[in-house]
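All remarks here apply to the structure that follows.
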Amino acid sequence: MGKVELDIGIDLELLAQAKRLGISVAGMSETQLRLHLQKVDPAGAEERARRWAEENAEAIEEHNAHIEKYGLISDHFRKW
């Protein structure tokens with residue numbers, strides 16, 4: 001019989017990293033796991049962040065260009 005995996009709503013990459021490090025995720029939310037992994041494996045967290053920024057670079061550039069052109073929705077609230 002094959003192994004059954006449950007969808008517990010946590011990023012699969014985080015689960016794989018926890019498994020590699022021998023960390024039990026029982027009772028952890030994704031946020032708790034992410035924070036814990038940042039403490040015990042900062043290089044892994046930095047690599048995930050670098051990859052995310054690389055994968056989303058185009059969208060980030062488009063967003064920044066939009067803000068540059070039109071400003072922020074909340075600009076009229078600024079007092080400075």
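Note on naming: chains are A, B, ... as they come in the structure tokens, residues start from 1 per chain, ligands start from 1 in the order shown.
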Q: Report the residues of range 2-80 of chain A whose backbone DSSP state falls under alpha helix (DSSP H), written as a PyMOL selection string.
A: chain A and resi 12-21+30-40+42-55+57-70
**Q.** Selection: 12 Å around range 22-32 of chain A, only C-alpha atoms, excl. self and same-chain fewer than 2 positions, as a ChimeraX atom specification
**A.** /A:8-20,34-41
Q: Report the distance between CA of His63 in chain A and CA of Ala45 in chain A in Å, rounded to one decimal place.
A: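 Those two atoms sit 24.1 Å apart.
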